[in-house]
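Participant: What follows is the file coords-v1.txt, containing compact mmCIF, C-alpha atoms:
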```
# COMPACT_ATOMS: atom_id res chain seq x y z
CA MET A 604 4.08 24.69 -11.14
CA THR A 605 4.06 21.26 -12.80
CA PRO A 606 0.43 20.11 -12.57
CA PHE A 607 -0.74 16.63 -13.42
CA ALA A 608 -4.29 15.34 -12.91
CA ILE A 609 -4.74 11.79 -11.62
CA ALA A 610 -8.17 10.25 -10.96
CA GLY A 611 -8.76 7.31 -8.68
CA VAL A 612 -11.78 5.05 -9.12
CA GLN A 613 -13.01 3.43 -5.92
CA MET A 614 -15.62 0.91 -7.08
CA TYR A 615 -17.45 -2.22 -6.04
CA VAL A 616 -15.54 -5.37 -6.99
CA ASN A 617 -17.26 -8.71 -7.56
CA ALA A 618 -15.22 -11.80 -6.68
CA LEU A 619 -17.18 -14.27 -8.80
CA GLN A 620 -17.41 -12.58 -12.17
CA PRO A 621 -15.26 -10.14 -14.17
CA ASN A 622 -15.51 -6.43 -13.41
CA VAL A 623 -13.89 -5.25 -16.63
CA GLU A 624 -17.12 -3.99 -18.20
CA GLY A 625 -17.95 -1.97 -15.10
CA MET A 626 -14.45 -0.50 -15.02
CA LEU A 627 -14.69 0.64 -18.63
CA GLN A 628 -18.14 2.14 -18.07
CA ARG A 629 -16.91 4.11 -15.08
CA LEU A 630 -13.88 5.24 -17.06
CA ASP A 631 -16.15 6.61 -19.79
CA VAL A 632 -18.28 8.44 -17.23
CA LEU A 633 -15.23 9.87 -15.48
CA MET A 634 -13.71 11.18 -18.69
CA ASN A 635 -17.04 12.72 -19.70
CA VAL A 636 -17.35 14.59 -16.40
CA TYR A 637 -13.63 15.34 -15.89
CA PRO A 638 -12.11 15.49 -19.39
CA TRP A 639 -9.01 17.24 -18.04
CA THR A 640 -7.90 14.04 -16.28
CA GLN A 641 -4.50 12.77 -17.49
CA MET A 642 -4.16 9.47 -15.60
CA VAL A 643 -6.70 7.04 -14.15
CA MET A 644 -6.02 4.30 -11.62
CA PHE A 645 -8.24 1.51 -10.27
CA SER A 646 -7.78 -0.60 -7.14
CA GLU A 647 -5.79 -3.79 -6.66
CA LEU A 648 -7.37 -6.87 -8.33
CA ALA A 649 -10.29 -4.74 -9.53
CA ALA A 650 -10.65 -6.50 -12.88
CA PHE A 651 -11.27 -10.07 -11.68
CA GLY A 652 -11.41 -9.95 -7.91
CA PRO A 653 -9.29 -11.60 -5.21
CA LEU A 654 -9.54 -15.28 -6.20
CA THR A 655 -6.45 -16.83 -7.76
CA LYS A 656 -8.60 -19.26 -9.73
CA HIS A 657 -9.31 -16.35 -12.08
CA ALA A 658 -5.62 -15.93 -12.96
CA LEU A 659 -4.91 -15.30 -16.66
CA PRO A 660 -1.85 -14.86 -18.85
CA LEU A 661 -0.72 -11.25 -18.78
CA HIS A 662 -1.53 -10.63 -22.43
CA ASN A 663 -5.26 -11.23 -22.86
CA GLU A 664 -8.30 -9.68 -24.49
CA HIS A 665 -9.25 -7.77 -21.34
CA ILE A 666 -5.91 -5.98 -21.17
CA GLU A 667 -6.33 -5.16 -24.85
CA ARG A 668 -9.65 -3.48 -24.03
CA PHE A 669 -7.94 -1.34 -21.41
CA GLN A 670 -5.25 -0.44 -23.95
CA ALA A 671 -7.93 0.65 -26.42
CA ALA A 672 -9.68 2.72 -23.73
CA ALA A 673 -6.45 4.50 -22.79
CA ALA A 674 -5.83 5.38 -26.43
CA ARG A 675 -9.45 6.49 -26.97
CA HIS A 676 -9.34 8.86 -24.00
CA HIS A 677 -5.67 9.73 -24.49
CA ILE A 678 -4.79 9.02 -20.85
CA TRP A 679 -2.31 7.08 -18.78
CA LEU A 680 -4.16 4.10 -17.35
CA ILE A 681 -3.38 1.71 -14.50
CA PRO A 682 -6.29 -0.77 -14.38
CA GLY A 683 -5.53 -1.93 -10.84
CA SER A 684 -3.93 -5.36 -10.93
CA MET A 685 -4.86 -8.94 -11.74
CA TYR A 686 -3.61 -12.38 -10.92
CA GLN A 687 -1.27 -13.37 -13.71
CA LYS A 688 -0.53 -17.00 -14.56
CA THR A 689 2.99 -17.31 -15.91
CA GLU A 690 4.26 -19.84 -18.41
CA ASP A 691 6.11 -21.70 -15.64
CA GLY A 692 2.92 -22.04 -13.57
CA ARG A 693 3.49 -19.31 -11.00
CA ILE A 694 0.78 -16.82 -10.02
CA LEU A 695 1.76 -13.16 -9.65
CA ASN A 696 -0.25 -10.12 -8.60
CA THR A 697 0.55 -7.93 -11.58
CA SER A 698 -0.27 -4.41 -12.73
CA VAL A 699 0.39 -2.74 -16.05
CA VAL A 700 1.07 0.88 -16.97
CA ILE A 701 -0.57 1.90 -20.24
CA ASN A 702 0.38 5.15 -21.95
CA PRO A 703 -1.94 7.49 -23.92
CA ALA A 704 -1.06 5.68 -27.14
CA GLY A 705 -2.47 2.46 -25.67
CA GLU A 706 0.94 0.83 -25.22
CA ILE A 707 1.98 -1.16 -22.16
CA ILE A 708 5.21 0.54 -21.11
CA LYS A 709 5.72 -1.19 -17.75
CA THR A 710 4.52 -4.20 -15.80
CA TYR A 711 4.92 -4.65 -12.06
CA SER A 712 4.33 -7.67 -9.83
CA LYS A 713 3.69 -7.18 -6.13
CA MET A 714 6.87 -7.78 -4.13
CA PHE A 715 5.16 -8.53 -0.83
CA PRO A 716 2.03 -10.65 -1.28
CA PHE A 717 -0.10 -10.38 1.86
CA MET A 718 1.12 -13.53 3.52
CA PRO A 719 -0.07 -15.75 5.06
CA TYR A 720 -3.36 -14.83 3.35
CA GLU A 721 -2.38 -14.38 -0.31
CA VAL A 722 -1.47 -18.06 -0.44
CA GLY A 723 0.01 -19.43 -3.65
CA VAL A 724 1.03 -16.02 -4.98
CA SER A 725 4.70 -15.59 -5.85
CA PRO A 726 6.51 -12.29 -5.19
CA GLY A 727 7.83 -10.09 -7.93
CA THR A 728 11.44 -8.92 -7.87
CA GLU A 729 11.56 -5.91 -10.22
CA PHE A 730 10.73 -2.32 -9.32
CA CYS A 731 8.50 -0.14 -11.50
CA ILE A 732 9.62 3.39 -12.36
CA PHE A 733 8.50 5.40 -15.37
CA ASP A 734 8.75 8.99 -16.57
CA ILE A 735 6.00 11.13 -17.99
CA PRO A 736 7.61 13.68 -20.31
CA ASP A 737 7.59 17.27 -19.01
CA VAL A 738 5.89 16.11 -15.80
CA GLY A 739 8.04 13.90 -13.59
CA ARG A 740 8.92 10.45 -12.34
CA PHE A 741 6.37 7.94 -11.07
CA GLY A 742 6.68 4.67 -9.19
CA LEU A 743 4.20 1.84 -8.73
CA SER A 744 3.76 -0.39 -5.69
CA ILE A 745 0.81 -2.60 -4.73
CA CYS A 746 -0.95 -2.52 -1.35
CA TYR A 747 1.14 -4.44 1.23
CA ASP A 748 4.37 -3.32 -0.46
CA VAL A 749 4.04 0.05 1.26
CA TRP A 750 4.29 -1.60 4.69
CA PHE A 751 7.96 -2.20 3.81
CA PRO A 752 9.63 1.23 3.58
CA GLU A 753 12.59 -0.29 1.76
CA THR A 754 10.41 -0.52 -1.36
CA THR A 755 9.62 3.19 -1.35
CA ARG A 756 13.23 3.99 -0.41
CA GLN A 757 14.38 2.17 -3.58
CA LEU A 758 11.93 4.14 -5.72
CA THR A 759 12.45 7.61 -4.27
CA SER A 760 16.24 7.22 -4.20
CA GLN A 761 15.92 6.99 -7.98
CA GLY A 762 13.86 10.15 -8.18
CA VAL A 763 10.26 8.94 -7.94
CA GLU A 764 7.99 11.85 -7.00
CA VAL A 765 4.58 10.17 -7.04
CA LEU A 766 3.95 6.75 -5.52
CA LEU A 767 0.95 5.06 -7.18
CA LEU A 768 -0.63 2.50 -4.89
CA PRO A 769 -3.55 0.25 -5.91
CA ILE A 770 -4.97 -1.32 -2.73
CA LEU A 771 -7.25 -4.15 -1.68
CA THR A 772 -7.88 -3.85 2.04
CA GLY A 773 -11.18 -4.86 3.58
CA THR A 774 -9.82 -5.62 7.03
CA ALA A 775 -9.43 -3.86 10.37
CA ASP A 776 -5.92 -2.62 9.57
CA ARG A 777 -7.08 0.07 7.12
CA ASP A 778 -6.51 2.73 9.80
CA ALA A 779 -2.91 1.57 10.08
CA GLU A 780 -2.48 1.69 6.30
CA ILE A 781 -3.69 5.27 6.16
CA ALA A 782 -1.18 6.16 8.86
CA ILE A 783 1.52 4.39 6.84
CA ALA A 784 0.52 6.36 3.71
CA ARG A 785 0.98 9.63 5.60
CA ALA A 786 4.26 8.48 7.12
CA THR A 787 5.53 7.35 3.70
CA ALA A 788 4.74 10.74 2.17
CA ALA A 789 6.64 12.48 4.98
CA GLN A 790 9.61 10.09 5.07
CA PHE A 791 10.18 10.19 1.33
CA GLN A 792 8.77 13.64 0.50
CA CYS A 793 6.50 12.34 -2.24
CA TYR A 794 2.84 12.12 -3.15
CA VAL A 795 1.12 8.86 -2.18
CA PHE A 796 -1.93 8.13 -4.33
CA GLY A 797 -3.77 5.13 -2.86
CA VAL A 798 -6.93 3.62 -4.38
CA ASN A 799 -8.85 0.96 -2.47
CA GLY A 800 -11.90 -0.97 -3.68
CA LEU A 801 -15.28 -1.92 -2.24
CA GLY A 802 -17.13 -5.19 -1.70
CA SER A 803 -14.71 -8.01 -2.44
CA GLY A 804 -12.23 -5.29 -3.36
CA GLY A 805 -11.93 -3.65 0.05
CA ASN A 806 -13.61 -1.28 2.48
CA GLY A 807 -12.86 1.94 0.63
CA ARG A 808 -11.29 4.95 2.34
CA SER A 809 -8.95 5.65 -0.56
CA VAL A 810 -6.47 8.39 0.27
CA VAL A 811 -4.20 10.89 -1.45
CA VAL A 812 -1.38 12.41 0.59
CA ASP A 813 0.94 15.24 -0.40
CA PRO A 814 4.69 15.44 0.40
CA THR A 815 4.03 17.35 3.63
CA SER A 816 1.94 14.39 4.90
CA THR A 817 -1.28 16.35 4.42
CA VAL A 818 -4.28 14.29 3.32
CA ILE A 819 -5.65 16.12 0.28
CA HIS A 820 -8.39 13.58 -0.47
CA SER A 821 -10.07 10.88 1.57
CA SER A 822 -12.91 8.75 0.23
CA ALA A 823 -15.58 7.26 2.44
CA GLY A 824 -17.17 3.84 2.12
CA GLN A 825 -19.07 4.29 -1.11
CA GLU A 826 -18.18 4.47 -4.80
CA ASP A 827 -16.03 7.46 -5.63
CA MET A 828 -14.27 8.98 -8.62
CA PHE A 829 -11.76 11.56 -7.49
CA PRO A 830 -9.59 13.52 -9.91
CA ILE A 831 -6.80 15.34 -8.06
CA GLU A 832 -4.41 17.78 -9.65
CA LEU A 833 -0.94 17.19 -8.23
CA ASP A 834 1.88 19.74 -8.40
CA LEU A 835 5.20 17.95 -8.78
CA ASP A 836 7.08 21.18 -8.14
CA HIS A 837 5.68 20.89 -4.61
CA VAL A 838 7.68 17.67 -4.22
CA ARG A 839 10.82 19.34 -5.51
CA ARG A 840 10.46 22.30 -3.16
CA GLN A 841 9.99 20.02 -0.15
CA ARG A 842 13.02 17.95 -1.08
CA ALA A 843 15.21 21.00 -1.63
CA ALA A 844 14.14 23.06 1.39
CA GLY A 845 12.79 20.41 3.77
CA MET A 846 9.23 19.45 4.72
CA ARG A 847 7.59 22.75 5.67
CA GLY A 848 11.10 24.19 5.66
CA LEU A 849 12.28 21.66 8.25
CA GLY A 850 13.54 18.08 7.83
CA GLN A 851 15.46 17.34 4.63
CA VAL A 852 15.20 13.60 5.05
CA LEU A 853 16.35 12.43 1.62
CA LYS A 854 19.52 14.50 1.92
CA SER A 855 20.09 13.25 5.45
CA PHE A 856 19.79 9.66 4.25
CA ARG A 857 22.13 10.39 1.35
CA ASP A 858 24.72 11.80 3.77
CA ARG A 859 24.25 9.08 6.40
CA PRO A 860 27.35 8.14 8.41
CA VAL A 861 26.32 4.52 8.80
CA ASP A 862 25.28 1.55 6.69
CA PHE A 863 22.76 -0.85 8.14
CA SER A 864 23.95 -4.39 8.76
CA ILE A 865 20.35 -5.61 8.91
CA TYR A 866 20.38 -5.58 5.10
CA ASP A 867 23.31 -7.99 4.98
CA ARG A 868 21.63 -11.38 5.28
CA ASN A 869 24.93 -12.90 6.43
CA SER A 870 25.56 -10.40 9.22
CA GLY A 871 23.52 -12.17 11.88
CA THR A 872 21.90 -8.88 12.85
CA ASP A 873 18.47 -10.31 12.07
CA ALA A 874 18.90 -13.35 14.33
CA TYR A 875 15.97 -12.25 16.46
CA LEU A 876 13.62 -12.34 13.47
CA HIS A 877 14.31 -16.06 13.09
CA THR A 878 12.93 -16.68 16.59
CA LEU A 879 9.44 -15.42 15.68
CA GLY A 880 8.21 -18.72 14.29
CA PRO A 881 6.65 -19.53 10.92
CA LEU A 882 4.66 -17.07 8.82
CA GLU A 883 1.21 -18.64 9.15
CA LYS A 884 -2.36 -17.79 10.04
CA GLN A 885 -3.29 -17.70 13.69
CA GLN A 886 -5.72 -20.44 14.71
CA GLN A 887 -8.30 -20.87 17.44
CA GLY A 888 -6.61 -20.98 20.80
CA SER A 889 -3.86 -18.58 19.78
CA ARG A 890 -3.53 -15.23 21.50
CA ALA A 891 -3.92 -13.13 18.37
CA GLU A 892 -5.69 -9.80 18.82
CA LEU A 893 -6.02 -9.93 22.61
CA GLN A 894 -7.15 -6.43 23.54
CA ILE A 895 -6.02 -6.51 27.14
CA ASP A 896 -4.01 -3.66 28.60
CA GLN A 897 -1.57 -4.70 31.29
CA ARG A 898 -2.48 -1.60 33.26
CA ASP A 899 -6.11 -2.75 33.53
CA VAL A 900 -5.52 -6.35 34.59
CA VAL A 901 -6.36 -7.29 38.13
CA LEU A 902 -3.08 -8.16 39.78
CA GLY A 903 -2.91 -11.70 41.06
CA SER A 904 -5.87 -12.79 38.91
CA ALA A 905 -6.12 -15.78 36.61
CA GLU A 906 -6.45 -13.31 33.72
CA ALA A 907 -3.07 -11.81 34.52
CA GLU A 908 -1.44 -15.22 34.38
CA ALA A 909 -3.30 -16.27 31.22
CA VAL A 910 -2.13 -13.32 29.13
CA GLY A 911 1.47 -13.60 30.22
CA PHE A 912 1.66 -10.87 32.80
CA GLY A 913 3.37 -13.18 35.23
CA ALA A 914 2.24 -15.57 37.89
CA PRO A 915 -0.40 -14.40 40.36
CA ALA A 916 1.18 -12.01 42.82
CA PRO A 917 1.47 -13.10 46.43
CA LYS A 918 -0.84 -11.36 48.84
CA GLY A 919 0.57 -7.97 49.72
CA VAL A 920 2.86 -7.76 46.69
CA ALA A 921 2.06 -5.99 43.42
CA ALA A 922 4.00 -7.12 40.34
CA ILE A 923 4.19 -4.15 37.99
CA SER A 924 6.19 -4.29 34.77
CA GLY A 925 8.25 -7.21 36.10
CA ILE A 926 9.23 -5.37 39.30
CA ASP A 927 8.05 -6.65 42.65
CA LEU A 928 6.89 -3.78 44.78
CA PRO A 929 5.79 -4.19 48.36
CA GLY A 930 2.25 -2.91 48.58
CA ALA A 931 0.06 -4.21 51.31
CA GLY A 932 -3.53 -4.16 50.15
CA LEU A 933 -2.67 -3.89 46.42
CA SER A 934 -3.23 -7.56 45.65
CA GLY A 935 -6.51 -7.99 43.86
CA LYS A 936 -6.81 -4.28 42.98
CA THR A 937 -6.85 -2.81 39.48
CA ILE A 938 -3.92 -0.55 38.64
CA THR A 939 -4.63 2.04 35.95
CA GLY A 940 -2.89 5.11 34.59
```
Would you mind giving the structure from this file in structure tokens?
Facilitator:
Amino acid sequence: MTPFAIAGVQMYVNALQPNVEGMLQRLDVLMNVYPWTQMVMFSELAAFGPLTKHALPLHNEHIERFQAAAARHHIWLIPGSMYQKTEDGRILNTSVVINPAGEIIKTYSKMFPFMPYEVGVSPGTEFCIFDIPDVGRFGLSICYDVWFPETTRQLTSQGVEVLLLPILTGTADRDAEIAIARATAAQFQCYVFGVNGLGSGGNGRSVVVDPTSTVIHSSAGQEDMFPIELDLDHVRRQRAAGMRGLGQVLKSFRDRPVDFSIYDRNSGTDAYLHTLGPLEKQQQGSRAELQIDQRDVVLGSAEAEAVGFGAPAPKGVAAISGIDLPGAGLSGKTITG
């Protein structure tokens, strides 16, 4: 067994004033109650909230306070992320990894800003992988990055066993993200340790998933400090013998008989993607989030035509899934099932 104790801090985040003092107070409380904790992670943009106007240079007095706290408690510390203003004027969503000596050993900038909402934020281009001696290999992504399995593929193909994932999600797609966390753990046979915030920092529901896709911790919608002892030998067993003794997905990918032309930008395989239009917010009058099931639309109605289910059907003909079926008496009836 190779145990390692990571604590997530799901806390209220204020968008209009710094949260650094509150983060440090919670860290002190956590380490007093759970002194066996070896790493602590906060949520995405926890320190200063989600407004880019609060962007700072990466090296600042607040980061120095986090470095001092990591050294004082002798822990690995990931203080969420913050908007970083670079010397050339770009804004990045950047996280740091601080070791128990208080040294910044890695920085990581989010590769997939949540567009078209995280406007004005530039993507990072470098992956973040670091080793903890006698424990294992860790990788860091930020929130929306995990929606793109290529990012986790890059990390786990280099041996990452624990995916650390600071999150800021306060929207209706949190259910989908939790499903993605479980799928990621199964696909890549790794731990996924996701910490969301509250208030301006998200709607909570932080989650920790083991390499068999089992949720081993799930927060609710209130503040939560959750130290979880991970066993990295569990990852190694799953990768060697298969998830629950079944699929050995990393080996199967390694031994794949095919390369994927979609990743060659000059192949033309992604031509369809270029027909989808610009990456922009939906506006009033668009058909975003229509919750209409084709099976429950009255055939031949104005509603059927409005949502793109075809022109109203002639009397006596039911148009189902693009196929015209003779059906006297079906016009104007609801088809379900």
Participant: Once you count all atoms listed in the file, what closest atom pair and distance in Å to one decimal does each residue of region 675-777 of chain A within 12 Å of region 839-853 of chain A have, with rows by chain and rising residue number, as a tab-separated table?
Facilitator:
```
residue	atom	partner	partner_atom	distance
A:Val738	CA	A:Arg839	CA	11.9
A:Gly739	CA	A:Arg839	CA	10.1
A:Arg740	CA	A:Arg839	CA	11.4
A:Thr755	CA	A:Leu853	CA	11.8
A:Arg756	CA	A:Leu853	CA	9.2
A:Gln757	CA	A:Leu853	CA	11.7
A:Leu758	CA	A:Leu853	CA	11.9
A:Thr759	CA	A:Leu853	CA	8.6
A:Ser760	CA	A:Leu853	CA	7.8
A:Gln761	CA	A:Leu853	CA	11.0
A:Gly762	CA	A:Arg839	CA	10.0
A:Val763	CA	A:Arg839	CA	10.7
A:Glu764	CA	A:Arg839	CA	8.1
A:Val765	CA	A:Arg839	CA	11.2
```
Participant: Kindly give the distance, in Å, that separates CA of His665 (chain A) and CA of Ala650 (chain A), rounded to a single decimal.
Facilitator: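 Calculated distance between CA of His665 (chain A) and CA of Ala650 (chain A) is 8.7 Å.
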Participant: Return the single residue from A:Phe751, A:Tyr615, A:Phe607, A:Phe796 that is closest to Gly824 (chain A), with distances computed using all atoms listed in the file.
Facilitator: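 So, comparing all the options, the nearest one is A:Tyr615.
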Participant: Choose the residue, out of A:Gly683, A:Pro814, A:Gly800, A:Gly807, that has the smallest atom-to-atom separation from Ala786 (chain A); count only C-alpha atoms.
Facilitator: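 Among A:Gly683, A:Pro814, A:Gly800, A:Gly807, it is A:Pro814 that comes nearest to Ala786 (chain A).
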Participant: Tell me which protein, DNA and RNA residues are within 12 Å of Thr710 (chain A), counting only C-alpha atoms, leaving out same-chain ones fewer than 4 positions away, and put them as a list in words.
Facilitator: Leu661, His662, Ile666, Ile681, Pro682, Gly683, Ser684, Met685, Gln687, Leu695, Asn696, Thr697, Ser698, Val699, Val700, Ile701, Asn702, Glu706, Gly727, Thr728, Glu729, Phe730, Cys731, Ile732, Phe733, Gly742, Leu743, Ser744 and Ile745 of chain A
Participant: Just the residues within 9 Å of region 826-835 of chain A, please, counting all atoms listed in the file, with nothing from its chain fewer than 2 positions along; format it as a tab-separated table (two decimals) with C-alpha atoms, in the coordinates of the input.
Facilitator:
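part-v7.tsv was written with the following content:
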```tsv
chain	number	residue	atom	x	y	z
A	604	MET	CA	4.08	24.69	-11.14
A	605	THR	CA	4.06	21.26	-12.80
A	606	PRO	CA	0.43	20.11	-12.57
A	607	PHE	CA	-0.74	16.63	-13.42
A	608	ALA	CA	-4.29	15.34	-12.91
A	609	ILE	CA	-4.74	11.79	-11.62
A	610	ALA	CA	-8.17	10.25	-10.96
A	611	GLY	CA	-8.76	7.31	-8.68
A	612	VAL	CA	-11.78	5.05	-9.12
A	613	GLN	CA	-13.01	3.43	-5.92
A	614	MET	CA	-15.62	0.91	-7.08
A	615	TYR	CA	-17.45	-2.22	-6.04
A	629	ARG	CA	-16.91	4.11	-15.08
A	633	LEU	CA	-15.23	9.87	-15.48
A	637	TYR	CA	-13.63	15.34	-15.89
A	639	TRP	CA	-9.01	17.24	-18.04
A	640	THR	CA	-7.90	14.04	-16.28
A	642	MET	CA	-4.16	9.47	-15.60
A	643	VAL	CA	-6.70	7.04	-14.15
A	738	VAL	CA	5.89	16.11	-15.80
A	739	GLY	CA	8.04	13.90	-13.59
A	764	GLU	CA	7.99	11.85	-7.00
A	765	VAL	CA	4.58	10.17	-7.04
A	793	CYS	CA	6.50	12.34	-2.24
A	794	TYR	CA	2.84	12.12	-3.15
A	800	GLY	CA	-11.90	-0.97	-3.68
A	801	LEU	CA	-15.28	-1.92	-2.24
A	807	GLY	CA	-12.86	1.94	0.63
A	809	SER	CA	-8.95	5.65	-0.56
A	811	VAL	CA	-4.20	10.89	-1.45
A	813	ASP	CA	0.94	15.24	-0.40
A	819	ILE	CA	-5.65	16.12	0.28
A	820	HIS	CA	-8.39	13.58	-0.47
A	822	SER	CA	-12.91	8.75	0.23
A	823	ALA	CA	-15.58	7.26	2.44
A	824	GLY	CA	-17.17	3.84	2.12
A	837	HIS	CA	5.68	20.89	-4.61
A	838	VAL	CA	7.68	17.67	-4.22
A	839	ARG	CA	10.82	19.34	-5.51
A	840	ARG	CA	10.46	22.30	-3.16
```
Participant: Compile the contact shell of Val616 (chain A) as a list in words: residues with an atom at most 10 Å away, counting all atoms listed in the file, same-chain residues fewer than 2 positions apart removed.
Facilitator: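 Everything that qualifies: Gln613, Met614, Ala618, Leu619, Gln620, Pro621, Asn622, Val623, Gly625, Met626, Ser646, Glu647, Leu648, Ala649, Ala650, Phe651, Gly652, Pro653, Leu771, Gly800, Leu801, Gly802, Ser803, Gly804 and Gly805 of chain A.
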Participant: Please indicate the distance in Å from CA of Val749 (chain A) to CA of Ala784 (chain A), rounded to one decimal place.
Facilitator: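 One can read the CA of Val749 (chain A) to CA of Ala784 (chain A) distance as 7.6 Å.
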Participant: Could you work out how far CA of Gly692 (chain A) lies from CA of Asn799 (chain A), giving the answer in Å with one decimal?
Facilitator: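 Distance between the two atoms: 28.1 Å.
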